[in-house]
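**Q** One structure, as structure tokens, below. Some questions next.
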Amino acid sequence: MKGIPSTYPDPAVPLITLPTSFTSRRLNISSRIDDNGSTEVANIKGPGCIRHIWFLRGGELTLEINVDEAKEPQVVAPMNSFFGIMQGRDPYYVNCAAYTVLPNWVAREKNPRIPGDPGYNLFLPIPFNKSCRISIHGPKDAILGTMIDWHEYEEDTELTPYRFHAVHNRFETTPSRGLIEMADASGSGFLAGFLTGYIQKNHEDMVFHTGGVTILLDGETKPNAIRGCNVEDDYGFTWGFNDFQAHWIGCPQHDNRDRNDQNGVFYRFFGPDPIAFRSSCSFFANCRGDDMETVVYYYKTHGSSAPEIETPMEWQVVGLFLGADDFDTFKKTEFIEQLAPGVWPNELKNGDDNFTVSKLLSRHGWIDIQHLFYNVKDHSAYARTMIESEEAREAVLRLSINNFCFIWLNGELLGT
């Protein structure tokens with residue numbers, strides 16, 4: 001129609017642009033979990049896009065979404081966790097751009113026979129070209145109410161290549177100083193948001209003082225790192241958390257017993273500021289010995305994957321060495337520079353000093369040493385790896401680093 005644009009940006013995920021010409025459809029389904037522990041609440045043929053899903057019942061159920069006949073479903077997550085109800089808590093009010101959870105405590109209080117299950121409302125778009133199948137898994141005979149609003153497009157409609165994904169993880173007692181992997185994606189796409197629930201077990205400091213998140217982008221093509229600060233800063237808060245919710249950032253649940261004794265659930269969605277990746281994305285959170293539960297929501301170009309690269313899979317790192325506050329002191333020679341090429345033992349000695357050697361695995365060409373030496377300044381560290389070749393040949397070696405460094409190959413200093 002004249003004067004009407006052919007597409008419009010989704011309000012919750014503006015990088016998803018959808019056709020303005022569509023037929024509105026709705027599915028109303030009341031279903032029961034079968035003997036195999038599953039029920040299918042939607043099997044829609046495309047092209048189309050799901051615009052809103054309402055579920056009645058969460059609890060012990062698991063949500064599964066498979067789009068365009070993918071070999072593996074793009075979403076497999078506990079229903080409650082997917083909608084921001086984390087760590088086994090009773091449902092509470094959640095209201096953000098991605099979804100809204102509306103508990104009904106009043107109904108339960110007035111009539112104990114009424115379970116008072118909340119309404120779970122999803123607003124993240126789920127585009128599909130061929131098909132969209134949504135299944136629910138749970139205990140036999142559990143009853144579920146589902147309402148799905150979706151747009152049906154004409155067969156020849158050009159549709160966004162991005163497909164919705166969500167990754168759920170639960171970590172009980174994380175390492176006292178390390179990284180947990182929240183999500184890893186190969187291909188091209190963008191991050192739409194993430195969600196974290198904490199139960200504090202390490203009471204030596206505030207639960208927020210971890211160094212926040214680390215997002216390693218495009219290690220195969222054009223490496224770029226995005227780093228957080230402290231946890232509350234990553235979610236847009238300051239000096240800890242408060243019980244506020246907004247479109248893109250919020251804290252729907254928070255137990256603040258003491259400065260060093262807090263639990264909470266926090267969300268951050270990248271509607272106006274998506275984080276794009278061209279070949280890969282590894283999403284980590286720094287941790288400090290607490291219970292953590294996470295969900296990462298992202299969109300990926302259907303069928304895309306990371307290009308293959310030749311890269312060492314394992315590195316060794318040792319340090320720290322004092323005296324690197326400027327380049328002149330950084331150039332000071334350490335004993336480790338005199339060691340012969342090859343693999344280091346698990347511990348190195350220099351006089352009375354012992355230095356632990358850490359092993360790091362490479363992912364998409366990256367190694368990240370931040371969690372080994374968190375919040376340390378004016379020091380240096382050394383990293384070593386073995387590059388193997390089955391034959392003598394010429395090769396171009398590429399190394400990208402976000403500070404200054406010296407580079408040796410077989411004991412020979414190549415450059416700075």
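Chain identifiers are assigned as A, B, and so on, following the order in which chains appear in the structure tokens; residues are numbered from 1 within each chain, and ligands are numbered from 1 in order of appearance.
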Extract, using only C-alpha atoms, all DNA, RNA and protein residues at most 10 Å from stretch 47-57 of chain A, discarding same-chain residues fewer than 3 positions from it, and format them as a PyMOL selection string.
**A** chain A and resi 10+18-19+22-30+44+60-61+68+79-80+99-101+115-132+142-159
**Q** Assign secondary structure with DSSP using the backbone only, and return the residues of stretch 167-279 of chain A in alpha helix (DSSP H) as a list of chain:residue names.
**A**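 Filtering stretch 167-279 of chain A down to alpha helix (DSSP H) leaves A:Val231, A:Glu232, A:Asp233, A:Asp234.
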**Q** Write the residues you've just listed into a file as an mmCIF file, in the first residue's frame, and include C-alpha atoms for each of them.
**A**
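The result, stored in result.cif:
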data_model
loop_
_atom_site.group_PDB
_atom_site.id
_atom_site.type_symbol
_atom_site.label_atom_id
_atom_site.label_comp_id
_atom_site.auth_asym_id
_atom_site.auth_seq_id
_atom_site.Cartn_x
_atom_site.Cartn_y
_atom_site.Cartn_z
ATOM 1 C CA VAL A 231 28.150 -6.861 38.271
ATOM 2 C CA GLU A 232 25.780 -4.035 39.140
ATOM 3 C CA ASP A 233 27.521 -1.769 36.612
ATOM 4 C CA ASP A 234 26.896 -4.282 33.809
#
**Q** If DSSP is run on the backbone, what residues of stretch 6-253 of chain A are strand (DSSP E or B)? A reply as a PyMOL selection string would be ideal.
**A** chain A and resi 7-9+17-19+23-32+38-45+48-56+62-67+75-78+94-95+99-102+119-122+126-128+131-137+143-152+162-171+178-186+189-199+213-217+224-227+245+249-253
**Q** Atom CA of A:Val67 to atom CA of A:Arg133: how many Å, to one decimal?
**A**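 A separation of 6.4 Å between them.
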**Q** Would you pick out the contacts of stretch 238-252 of chain A at 10 Å or less, using only C-alpha atoms, so that residues sharing its chain but fewer than 5 positions from it are not included, and give the list as a PyMOL selection string?
**A** chain A and resi 12+84-85+92-99+193-197+206-209+230-233+259+262+264-273
**Q** Which residues are near A:Lys222? Cut-off 12 Å, only C-alpha atoms, ignore same chain within fewer than 6 positions. Put them as a PyMOL selection string.
**A** chain A and resi 216+277-281+306-307+364-366+398-401
**Q** Restricting it to C-alpha atoms, dump the selection as a PDB file, in the first residue's frame.
**A**
ATOM      1  CA  LEU A 216      34.907 -12.105  23.279  1.00  0.00           C
ATOM      2  CA  PHE A 277      29.281 -10.609  16.045  1.00  0.00           C
ATOM      3  CA  ARG A 278      30.498 -11.574  12.578  1.00  0.00           C
ATOM      4  CA  SER A 279      32.002 -15.014  13.154  1.00  0.00           C
ATOM      5  CA  SER A 280      31.677 -15.961  16.844  1.00  0.00           C
ATOM      6  CA  CYS A 281      30.768 -14.816  20.330  1.00  0.00           C
ATOM      7  CA  ALA A 306      32.656 -19.633  12.174  1.00  0.00           C
ATOM      8  CA  PRO A 307      35.437 -20.063   9.600  1.00  0.00           C
ATOM      9  CA  HIS A 364      37.795 -19.142  18.684  1.00  0.00           C
ATOM     10  CA  GLY A 365      41.479 -18.188  18.832  1.00  0.00           C
ATOM     11  CA  TRP A 366      41.096 -16.332  22.140  1.00  0.00           C
ATOM     12  CA  ARG A 398      49.029 -13.288  13.747  1.00  0.00           C
ATOM     13  CA  LEU A 399      48.676 -12.173  17.356  1.00  0.00           C
ATOM     14  CA  SER A 400      46.313  -9.500  18.630  1.00  0.00           C
ATOM     15  CA  ILE A 401      46.582  -8.170  22.194  1.00  0.00           C
TER      16      ILE A 401
END
**Q** Using only C-alpha atoms, find the one residue out of A:Ile336, A:Thr173, A:Leu322, A:Thr160 that sits nearest to A:Pro14.
**A**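 Nearest to A:Pro14: A:Thr160.
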**Q** Which residue out of A:Tyr298, A:Phe335, A:Leu397, A:Val343 has the minimum interatomic distance to A:Leu414 when only C-alpha atoms are used?
**A** A:Leu397
**Q** If I take atom CA of A:Thr214 and atom CA of A:Tyr235, how far is one from the other in Å, to one decimal?
**A**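 Answer for the atom CA of A:Thr214 to atom CA of A:Tyr235 separation: 13.4 Å.
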**Q** If I take atom CA of A:Gln253 and atom CA of A:Phe190, how far is one from the other in Å, to one decimal?
**A** 26.9 Å
**Q** Nearest to A:His302: which of A:Val376, A:Leu413, A:Ala70, A:Ala42 is it, counting only C-alpha atoms?
**A** A:Ala70
**Q** List the spatial neighbours of stretch 380-392 of chain A as a PyMOL selection string - criterion: any atom at most 8 Å away, only C-alpha atoms, same-chain residues fewer than 3 positions off excluded.
**A** chain A and resi 311-312+314-324+330+342-343
**Q** Using only C-alpha atoms, determine which residues lie at most 6 Å from A:Ala77, disregarding the query and same-chain residues fewer than 6 positions distant; provide the list as a PyMOL selection string.
**A** chain A and resi 62-63+168
